[in-house]
Structures are given as structure tokens and as C-alpha cells.
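Visitor: This is entry17.tsv, which holds TSV, C-alpha atoms:
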```tsv
chain	number	residue	atom	x	y	z
A	1	GLY	CA	0.00	0.00	0.00
A	2	LYS	CA	1.10	3.54	-0.90
A	3	ARG	CA	-0.61	6.32	1.03
A	4	SER	CA	-1.76	9.45	-0.78
A	5	GLY	CA	-4.21	12.31	-0.41
A	6	ARG	CA	-7.86	11.32	-0.49
A	7	LYS	CA	-8.44	13.49	-3.59
A	8	ALA	CA	-5.82	11.63	-5.65
A	9	GLU	CA	-7.16	9.55	-8.52
A	10	GLY	CA	-7.63	5.94	-7.44
A	11	ALA	CA	-7.12	6.80	-3.75
A	12	THR	CA	-9.55	4.85	-1.57
A	13	LYS	CA	-9.55	3.30	1.86
A	14	GLY	CA	-7.77	-0.02	1.77
A	15	TYR	CA	-5.18	-2.16	3.52
A	16	PHE	CA	-2.19	-0.14	4.71
A	17	PRO	CA	-0.05	-1.95	7.33
A	18	GLU	CA	-0.41	-0.51	10.84
A	19	GLN	CA	-2.40	2.45	9.51
A	20	ARG	CA	-6.18	2.69	9.79
A	21	ASP	CA	-8.66	4.95	8.00
A	22	CYS	CA	-6.04	6.01	5.46
A	23	TYR	CA	-6.39	6.72	1.75
A	24	GLY	CA	-4.00	5.52	-0.90
A	25	ARG	CA	-3.25	3.22	-3.80
A	26	GLN	CA	-1.77	-0.27	-4.10
A	27	LEU	CA	1.53	-1.00	-5.85
A	28	VAL	CA	1.62	-4.37	-7.65
A	29	ARG	CA	5.11	-5.74	-8.29
A	30	VAL	CA	6.51	-8.84	-9.98
A	31	TYR	CA	10.00	-9.30	-8.55
A	32	ALA	CA	12.85	-11.58	-9.68
A	33	SER	CA	14.49	-12.18	-6.31
A	34	GLN	CA	17.41	-14.17	-7.73
A	35	TYR	CA	18.58	-11.03	-9.57
A	36	ASN	CA	17.02	-8.39	-7.26
A	37	GLU	CA	15.30	-6.90	-10.30
A	38	ILE	CA	11.75	-5.68	-10.89
A	39	VAL	CA	10.11	-7.53	-13.78
A	40	CYS	CA	7.10	-5.19	-13.91
A	41	GLN	CA	4.97	-3.06	-11.60
A	42	TRP	CA	1.93	-0.80	-11.73
A	43	MET	CA	-0.58	1.02	-9.51
A	44	GLU	CA	-4.09	-0.09	-8.56
A	45	PRO	CA	-6.84	1.64	-6.52
A	46	GLY	CA	-6.41	1.48	-2.76
A	47	ASN	CA	-9.26	-0.99	-2.16
A	48	THR	CA	-7.77	-3.61	-4.51
A	49	ASN	CA	-7.01	-6.86	-2.67
A	50	SER	CA	-4.34	-9.40	-3.41
A	51	SER	CA	-6.63	-12.04	-4.89
A	52	GLU	CA	-7.75	-9.62	-7.62
A	53	VAL	CA	-4.27	-8.99	-9.03
A	54	LEU	CA	-2.68	-12.44	-9.01
A	55	GLN	CA	-3.78	-13.46	-12.50
A	56	ALA	CA	-2.77	-10.10	-14.00
A	57	ALA	CA	0.61	-10.18	-12.23
A	58	ILE	CA	1.38	-13.73	-13.38
A	59	SER	CA	0.24	-12.94	-16.94
A	60	HIS	CA	2.41	-9.81	-17.12
A	61	GLY	CA	5.38	-11.66	-15.68
A	62	GLU	CA	5.17	-14.67	-17.98
A	63	GLY	CA	4.71	-12.37	-20.98
A	64	ILE	CA	7.83	-10.33	-20.21
A	65	LEU	CA	9.90	-13.40	-19.32
A	66	GLN	CA	8.41	-15.29	-22.31
A	67	LEU	CA	7.72	-18.42	-20.28
A	68	THR	CA	6.90	-21.41	-22.43
A	69	GLU	CA	4.43	-24.14	-21.50
A	70	GLU	CA	7.32	-26.43	-20.59
A	71	GLN	CA	8.87	-23.76	-18.34
A	72	ARG	CA	5.56	-23.13	-16.58
A	73	LYS	CA	5.45	-26.84	-15.65
A	74	HIS	CA	8.67	-26.32	-13.68
A	75	THR	CA	7.64	-23.00	-12.10
A	76	LEU	CA	6.34	-23.13	-8.52
A	77	ILE	CA	3.91	-20.43	-7.37
A	78	ARG	CA	4.11	-20.04	-3.57
A	79	ALA	CA	1.42	-17.69	-2.31
A	80	ASP	CA	-0.18	-16.48	0.91
A	81	GLY	CA	-3.78	-17.32	1.77
A	82	GLY	CA	-5.01	-14.01	0.37
A	83	PHE	CA	-4.19	-15.28	-3.13
A	84	GLY	CA	-5.61	-18.77	-2.56
A	85	THR	CA	-9.14	-18.42	-3.91
A	86	ASP	CA	-10.56	-21.35	-5.86
A	87	ALA	CA	-10.59	-19.23	-9.04
A	88	ASN	CA	-6.92	-18.29	-8.67
A	89	ILE	CA	-5.77	-21.83	-7.88
A	90	ASP	CA	-7.73	-23.32	-10.78
A	91	TRP	CA	-6.39	-20.61	-13.11
A	92	LEU	CA	-2.78	-21.36	-12.11
A	93	LEU	CA	-3.37	-25.08	-12.54
A	94	SER	CA	-4.92	-24.53	-15.96
A	95	ARG	CA	-1.82	-22.56	-16.99
A	96	GLY	CA	0.36	-25.53	-16.01
A	97	TYR	CA	2.09	-24.03	-12.96
A	98	GLN	CA	3.08	-25.94	-9.85
A	99	VAL	CA	1.27	-24.52	-6.81
A	100	LEU	CA	1.94	-24.25	-3.08
A	101	THR	CA	-0.54	-21.98	-1.31
A	102	LYS	CA	-3.09	-21.69	1.45
A	103	ALA	CA	-6.79	-21.98	0.66
A	104	PHE	CA	-8.88	-18.84	1.13
A	105	SER	CA	-12.21	-20.45	2.07
A	106	HIS	CA	-12.58	-20.21	5.88
A	107	ARG	CA	-15.72	-22.36	6.13
A	108	ARG	CA	-14.16	-25.16	4.15
A	109	VAL	CA	-10.98	-24.92	6.23
A	110	ASP	CA	-12.97	-25.35	9.47
A	111	ALA	CA	-14.86	-28.33	8.03
A	112	GLN	CA	-11.68	-30.03	6.85
A	113	ALA	CA	-9.99	-29.38	10.20
A	114	ARG	CA	-12.81	-31.19	12.02
A	115	SER	CA	-12.35	-34.22	9.76
A	116	VAL	CA	-8.67	-34.75	10.63
A	117	GLU	CA	-8.23	-37.88	12.78
A	118	GLY	CA	-4.48	-37.69	13.51
A	119	TRP	CA	-2.12	-34.76	13.93
A	120	GLU	CA	1.64	-34.74	13.39
A	121	ALA	CA	4.04	-32.33	15.08
A	122	THR	CA	6.14	-30.05	12.86
A	123	ARG	CA	9.54	-28.45	13.29
A	124	GLN	CA	7.88	-25.22	14.44
A	125	PRO	CA	6.74	-25.43	18.09
A	126	GLY	CA	2.99	-25.13	18.58
A	127	ARG	CA	2.15	-26.12	15.00
A	128	GLU	CA	0.81	-29.48	13.81
A	129	VAL	CA	-0.37	-30.88	10.50
A	130	GLY	CA	-2.88	-33.52	9.47
A	131	ALA	CA	-4.62	-34.91	6.40
A	132	PRO	CA	-8.37	-34.22	6.07
A	133	LYS	CA	-10.78	-37.02	5.15
A	134	SER	CA	-12.18	-35.09	2.20
A	135	ALA	CA	-10.23	-32.73	-0.08
A	136	HIS	CA	-11.59	-30.05	-2.37
A	137	ARG	CA	-11.47	-30.90	-6.08
A	138	TYR	CA	-9.40	-28.50	-8.19
A	139	ALA	CA	-8.58	-28.39	-11.92
A	140	ARG	CA	-5.63	-30.76	-11.39
A	141	CYS	CA	-4.56	-33.34	-8.85
A	142	THR	CA	-3.40	-31.76	-5.56
A	143	VAL	CA	-2.52	-32.76	-2.02
A	144	GLN	CA	-4.11	-30.87	0.88
A	145	TYR	CA	-3.11	-30.70	4.53
A	146	VAL	CA	-4.68	-28.94	7.47
A	147	VAL	CA	-2.27	-26.94	9.63
A	148	TRP	CA	-3.20	-25.60	13.06
A	149	LYS	CA	-1.23	-23.24	15.21
A	150	TRP	CA	-1.74	-21.73	18.66
A	151	LYS	CA	-1.97	-17.91	18.51
A	152	GLU	CA	-0.65	-16.43	21.73
A	153	ALA	CA	-2.08	-12.99	20.94
A	154	ASP	CA	-5.76	-13.98	21.12
A	155	LYS	CA	-5.40	-17.37	22.86
A	156	LYS	CA	-7.05	-19.27	20.00
A	157	TRP	CA	-6.25	-22.04	17.58
A	158	ARG	CA	-5.94	-20.95	13.95
A	159	TYR	CA	-6.43	-23.39	11.08
A	160	ALA	CA	-5.26	-23.24	7.48
A	161	VAL	CA	-5.30	-25.66	4.54
A	162	VAL	CA	-2.15	-25.96	2.43
A	163	VAL	CA	-2.80	-26.89	-1.21
A	164	SER	CA	-0.02	-28.14	-3.47
A	165	THR	CA	0.63	-29.99	-6.71
A	166	LEU	CA	3.87	-31.41	-5.25
A	167	THR	CA	2.23	-34.73	-4.47
A	168	GLU	CA	5.49	-36.60	-3.76
A	169	GLU	CA	6.57	-34.25	-0.94
A	170	THR	CA	5.83	-35.02	2.71
A	171	PRO	CA	3.76	-32.57	4.81
A	172	GLN	CA	6.94	-31.53	6.63
A	173	GLN	CA	8.73	-30.79	3.36
A	174	LEU	CA	5.80	-28.79	2.00
A	175	LEU	CA	5.56	-26.64	5.13
A	176	ALA	CA	9.31	-26.00	5.12
A	177	LEU	CA	9.10	-24.97	1.47
A	178	TYR	CA	6.08	-22.78	2.14
A	179	ASP	CA	7.81	-21.01	5.04
A	180	HIS	CA	10.58	-19.80	2.70
A	181	ARG	CA	8.22	-18.10	0.25
A	182	SER	CA	8.71	-14.49	1.40
A	183	GLY	CA	11.38	-11.99	2.30
A	184	HIS	CA	12.78	-10.68	-0.98
A	185	PRO	CA	9.69	-8.78	-2.25
A	186	GLU	CA	9.15	-7.12	1.12
A	187	SER	CA	12.82	-6.14	1.26
A	188	SER	CA	12.64	-4.64	-2.25
A	189	PHE	CA	9.67	-2.46	-1.26
A	190	GLN	CA	11.48	-1.31	1.87
A	191	GLN	CA	14.70	-0.47	0.04
A	192	ASP	CA	12.87	1.51	-2.66
A	193	ASP	CA	10.80	3.39	-0.08
A	194	GLN	CA	13.94	4.39	1.82
A	195	GLY	CA	16.37	4.87	-1.03
A	196	LEU	CA	14.45	6.41	-3.91
A	197	PRO	CA	12.16	7.36	-1.85
A	198	LEU	CA	8.75	6.33	-3.19
A	199	PRO	CA	6.41	7.55	-0.36
A	200	LYS	CA	7.38	11.17	-1.06
A	201	ARG	CA	6.77	10.95	-4.80
A	202	GLN	CA	2.99	11.16	-5.08
A	203	LYS	CA	1.08	12.52	-8.09
A	204	GLN	CA	-2.58	13.51	-8.27
A	205	GLN	CA	-3.37	11.75	-11.54
A	206	MET	CA	-3.06	7.96	-11.76
A	207	ILE	CA	-1.25	8.08	-15.14
A	208	ALA	CA	1.32	10.46	-13.65
A	209	GLN	CA	1.82	8.13	-10.69
A	210	GLN	CA	2.26	5.21	-13.08
A	211	MET	CA	5.03	7.16	-14.83
A	212	VAL	CA	6.73	7.86	-11.50
A	213	MET	CA	6.69	4.12	-10.81
A	214	VAL	CA	8.26	3.40	-14.22
A	215	LEU	CA	11.06	5.90	-13.52
A	216	ALA	CA	11.55	4.39	-10.07
A	217	GLN	CA	11.75	0.94	-11.64
A	218	MET	CA	14.46	2.17	-14.03
A	219	ALA	CA	16.40	3.74	-11.13
A	220	HIS	CA	16.10	0.50	-9.14
A	221	LYS	CA	17.48	-1.54	-12.05
A	222	ILE	CA	20.39	0.85	-12.65
A	223	LEU	CA	21.40	0.69	-8.99
A	224	VAL	CA	21.09	-3.10	-8.90
A	225	TRP	CA	23.13	-3.36	-12.12
A	226	ALA	CA	25.86	-1.10	-10.68
A	227	LYS	CA	26.02	-3.12	-7.44
A	228	ARG	CA	26.21	-6.41	-9.35
A	229	GLU	CA	28.85	-5.21	-11.83
A	230	VAL	CA	31.01	-3.77	-9.07
A	231	LYS	CA	30.94	-7.16	-7.33
A	232	LYS	CA	31.97	-8.90	-10.56
A	233	LYS	CA	35.08	-6.72	-10.82
A	234	GLY	CA	36.31	-7.62	-7.36
A	235	ASP	CA	34.71	-4.90	-5.23
A	236	GLN	CA	37.70	-4.29	-2.97
A	237	ALA	CA	35.87	-1.20	-1.63
A	238	ASP	CA	32.90	-3.35	-0.43
A	239	LEU	CA	30.34	-1.02	-2.04
A	240	GLY	CA	28.43	-3.87	-3.66
A	241	ALA	CA	27.15	-5.02	-0.27
A	242	TRP	CA	25.55	-1.67	0.51
A	243	GLY	CA	21.78	-1.20	0.22
A	244	LEU	CA	20.03	1.15	-2.18
A	245	LYS	CA	19.55	3.80	0.52
A	246	ARG	CA	23.28	4.08	1.20
A	247	TRP	CA	24.02	4.18	-2.52
A	248	VAL	CA	21.64	7.08	-3.11
A	249	ARG	CA	22.42	8.93	0.12
A	250	ASP	CA	26.19	8.44	0.32
A	251	ILE	CA	27.69	7.27	-2.99
A	252	LEU	CA	25.61	9.14	-5.57
A	253	SER	CA	25.87	12.36	-3.56
A	254	ILE	CA	29.66	12.61	-3.96
A	255	PRO	CA	30.40	16.09	-5.42
A	256	GLY	CA	32.02	16.01	-8.84
A	257	ARG	CA	32.31	17.49	-12.30
A	258	VAL	CA	31.62	15.91	-15.70
A	259	VAL	CA	33.55	17.34	-18.65
A	260	PRO	CA	33.29	16.13	-22.28
A	261	ASP	CA	36.64	14.79	-23.43
A	262	GLY	CA	36.68	14.12	-27.17
A	263	GLU	CA	34.38	11.13	-27.70
A	264	GLY	CA	34.13	10.37	-23.99
A	265	PHE	CA	33.83	12.03	-20.59
A	266	GLN	CA	36.17	12.98	-17.79
A	267	ILE	CA	34.60	12.67	-14.31
A	268	THR	CA	36.43	14.41	-11.50
A	269	LEU	CA	35.31	13.60	-7.96
A	270	SER	CA	35.95	15.74	-4.91
A	271	ALA	CA	39.04	14.37	-3.21
A	272	ALA	CA	37.79	15.78	0.10
A	273	HIS	CA	34.77	13.46	0.20
A	274	PRO	CA	35.44	10.41	2.43
A	275	LEU	CA	34.01	7.96	-0.14
A	276	SER	CA	35.68	9.33	-3.30
A	277	SER	CA	38.71	7.03	-3.14
A	278	ARG	CA	36.51	3.97	-2.50
A	279	PHE	CA	34.25	4.94	-5.41
A	280	LEU	CA	37.29	5.34	-7.66
A	281	GLN	CA	38.66	1.98	-6.57
A	282	ALA	CA	35.34	0.20	-7.20
A	283	PHE	CA	34.39	1.80	-10.54
A	284	THR	CA	37.73	2.14	-12.32
A	285	PRO	CA	37.75	-1.60	-13.31
A	286	LEU	CA	34.08	-1.34	-14.32
A	287	LEU	CA	34.69	1.61	-16.65
A	288	GLY	CA	38.00	0.30	-17.99
A	289	GLN	CA	36.61	-0.55	-21.44
A	290	SER	CA	34.43	2.57	-21.73
A	291	ARG	CA	35.20	6.13	-22.75
A	292	ILE	CA	34.67	7.44	-19.23
A	293	ALA	CA	37.72	8.40	-17.16
A	294	LEU	CA	37.58	8.81	-13.37
A	295	SER	CA	39.92	10.93	-11.30
A	296	LEU	CA	40.12	12.81	-8.00
A	297	GLY	CA	40.58	16.54	-7.69
A	298	GLU	CA	39.04	19.75	-6.42
A	299	THR	CA	35.44	20.44	-7.43
```
Now that the file is in, can you turn its structure into C-alpha cells?
Guide:
Amino acid sequence: GKRSGRKAEGATKGYFPEQRDCYGRQLVRVYASQYNEIVCQWMEPGNTNSSEVLQAAISHGEGILQLTEEQRKHTLIRADGGFGTDANIDWLLSRGYQVLTKAFSHRRVDAQARSVEGWEATRQPGREVGAPKSAHRYARCTVQYVVWKWKEADKKWRYAVVVSTLTEETPQQLLALYDHRSGHPESSFQQDDQGLPLPKRQKQQMIAQQMVMVLAQMAHKILVWAKREVKKKGDQADLGAWGLKRWVRDILSIPGRVVPDGEGFQITLSAAHPLSSRFLQAFTPLLGQSRIALSLGET
């Protein structure tokens, strides 16, 4: 969720973590965590929920990545319960994807939980898993397990049904795989909010906000590319391990001067800045084959 003024186009009351009665929009992002790159992203009205955007997000992602039918068979979609509607699961199965998600239907979950005859302890304390007598029928063959966990906050048991096409995995293996589904997307949102920073870049018109998101996506990719390339060249200055916020705040704010030099450019960085020598050390190998020369001096 991205907060905005209530008069902004598409701004409605919706889900904004730890903030009630707020207006804003929702940012949808398809993220390639292996490369720390944004595949695509766009804005939706503030009252849009996760289940409504899954099919569009997957379709956009597979179009950009040009996933073939054979590749989709080897692609696992791990999703929270908010995405696990019957329509979404059946749609993913019809597209050939492998699925590991929680079912969204609360009434069905309670009914299946009551049908479990034996529970098995898991690696996580206070959580057990069991097989229900009857499973819901989806578009393809799936395995379903009921998971219950004691919630200390409200002193109640909470049930969930895990649905998966990985029929050869044990319940313990499926839960371990499901527990590792998140982390990277949340981290990417946090880094962009702090480093670019997205919360302060709000436009009244939705099309203008979409353009801001495209520019932010380009900035994100340039920073990720720079970090990755610096690491490839040795990164003796250890700049590749820094987050986007430190890159924008500390590295990209080094004073300097750019002067055209024939067919290339001469970049002179302020020698007085504490990071200039580290920047020079990290980027000189990266720019070795280009027509850009780095040096230190007075600016």
C-alpha cells in the first residue's frame, strides 16, 4: 500500500499496514528475487485486494519473461492465503504451474480441520499438521493438509489448509518450502521506499503516478546493475554489499564534475569526500573498457 491524499485519482480506503482509516493506492510488483530486479509493476486503486491482481501479475510476468508451456510446468507459485481463492488456484493449474498456497475459504478450512483424525508435530513449536478425510477438487490433482497453530495474541487455535501440486513431498517438506516463500519482495519495497524514496513521490493523476513508478523501476534496475557489476570486478571497496539507501544517500551524492573529453567524458570527484577514493577503486575496473575516465581533484 502507498498512502496518498484522499483526492488523488484511485485513492480509496484499503489495507495499509499498521495504519487505519487512510487513503491511498496499491503497488503491484513482480519481482525476480534471484537477480534483485523488478520484472514489472503498476498502480491499482487502494481498495484492490491481493486475490484480484494475481492473474494479471502472473500474466504480465510470464509475458515479459516469455515463459513457455514447458517452463511453466517447472515454475512453482508459492502464495499467501489471500491469493488462494478457488478461481486463482484453478487458473494457475490450468496454466500448467506448480502450486503451493493456502486456501482462502474459511468455512471449508474449518470443516476439513474437524475431519482430521491424527495430527503430526512439525519443526515449528505449537504447530501441527494432518490430512483431512475429504479434499476439495481442483482443476488438477493436488494434495491438501490442514495446519493448526496456537496464537498467543488472542489465545485461540488458527487453522489453514495448504494446497499443493507437489504430491510426492511429505507434509513436513511442503511446510518447510512454504515457510521460505517471502522476504525478498518485502525487502525490495522497503529499500525503494527508503532509497528512492517512493512515499514522497505522489502525483494527483493515476497516469502520472504510473510514470513515477516506471522511472523508479528504471532507477532501481540501474542501482542493482551497478552493485552487481562492481561485485563482478572484485569490489575491494565493499560497495556492492551496501543497500540502495546508502548508494543514493552516500555514494551518488559525492560532489564532482563531468567534462566532455573528445568522444568520452572525464569525471572528476571531490578528493575531500570520504568515499571518493573507494568509489574510484570500485568503478575504475568497471569503466575500464568505456570512454569514461575517473579521477580525484578539487570540485
Visitor: Would you mind listing what lies within 9 Å of Ala272 of chain A as an NGL selection string, with only C-alpha atoms counted and same-chain residues fewer than 3 positions away left out?
Guide: :A and (269 or 275-276 or 296-298)
Visitor: Counting all atoms listed in the file, which residues of segment 166-269 of chain A sit at most 10 Å from some atom of segment 17-26 of chain A, and what is each one's closest atom pair with its distance in Å to one decimal, listed by chain and rising residue number, as JSON lines?
Guide:
```
{"residue": "A:Gln202", "atom": "CA", "partner": "A:Gly24", "partner_atom": "CA", "distance": 9.9}
{"residue": "A:Met206", "atom": "CA", "partner": "A:Arg25", "partner_atom": "CA", "distance": 9.3}
{"residue": "A:Gln209", "atom": "CA", "partner": "A:Arg25", "partner_atom": "CA", "distance": 9.9}
```
Visitor: Write out as a ChimeraX atom specification each polymer residue whose atoms come within 12 Å of segment 172-179 of chain A, counting only C-alpha atoms; drop sequence neighbours fewer than 4 positions from it.
Guide: /A:76-81,99-102,120-124,127-130,143-148,160-168,183
Visitor: Between atom CA of Met211 of chain A and atom CA of Phe189 of chain A, measure the distance and give it in Å to one decimal.
Guide: 17.3 Å
Visitor: Grab the atom CA of Ala293 of chain A to atom CA of Glu229 of chain A distance for me, in Å with one decimal place.
Guide: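 Between atom CA of Ala293 of chain A and atom CA of Glu229 of chain A the gap is 17.1 Å.
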Visitor: Taking into account only C-alpha atoms, which residue in the set A:Ala219, A:Ile64, A:Ala11, A:Leu27 is nearest to Asn47 of chain A?
Guide: A:Ala11
Visitor: Neighbourhood query: residues within 6 Å of (-8.0, 10.2, -10.1), file coordinates, counting all atoms listed in the file; return as a PyMOL selection string.
Guide: chain A and resi 8-10+205-206
Visitor: Nearest to Ile207 of chain A among A:Thr142, A:Ser277, A:Glu44, A:Glu263, with distances taken over all atoms listed in the file: which residue is it?
Guide: A:Glu44
Visitor: What lies within 8 Å of segment 222-227 of chain A using all atoms listed in the file, ignoring chain neighbours under 4 positions off, as a PyMOL selection string?
Guide: chain A and resi 36-37+218+231+239-241+244+247
Visitor: I'd like the interatomic distance between atom CA of Pro171 of chain A and atom CA of Ala131 of chain A, to a tenth of an Å.
Guide: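 These two atoms are separated by 8.8 Å.
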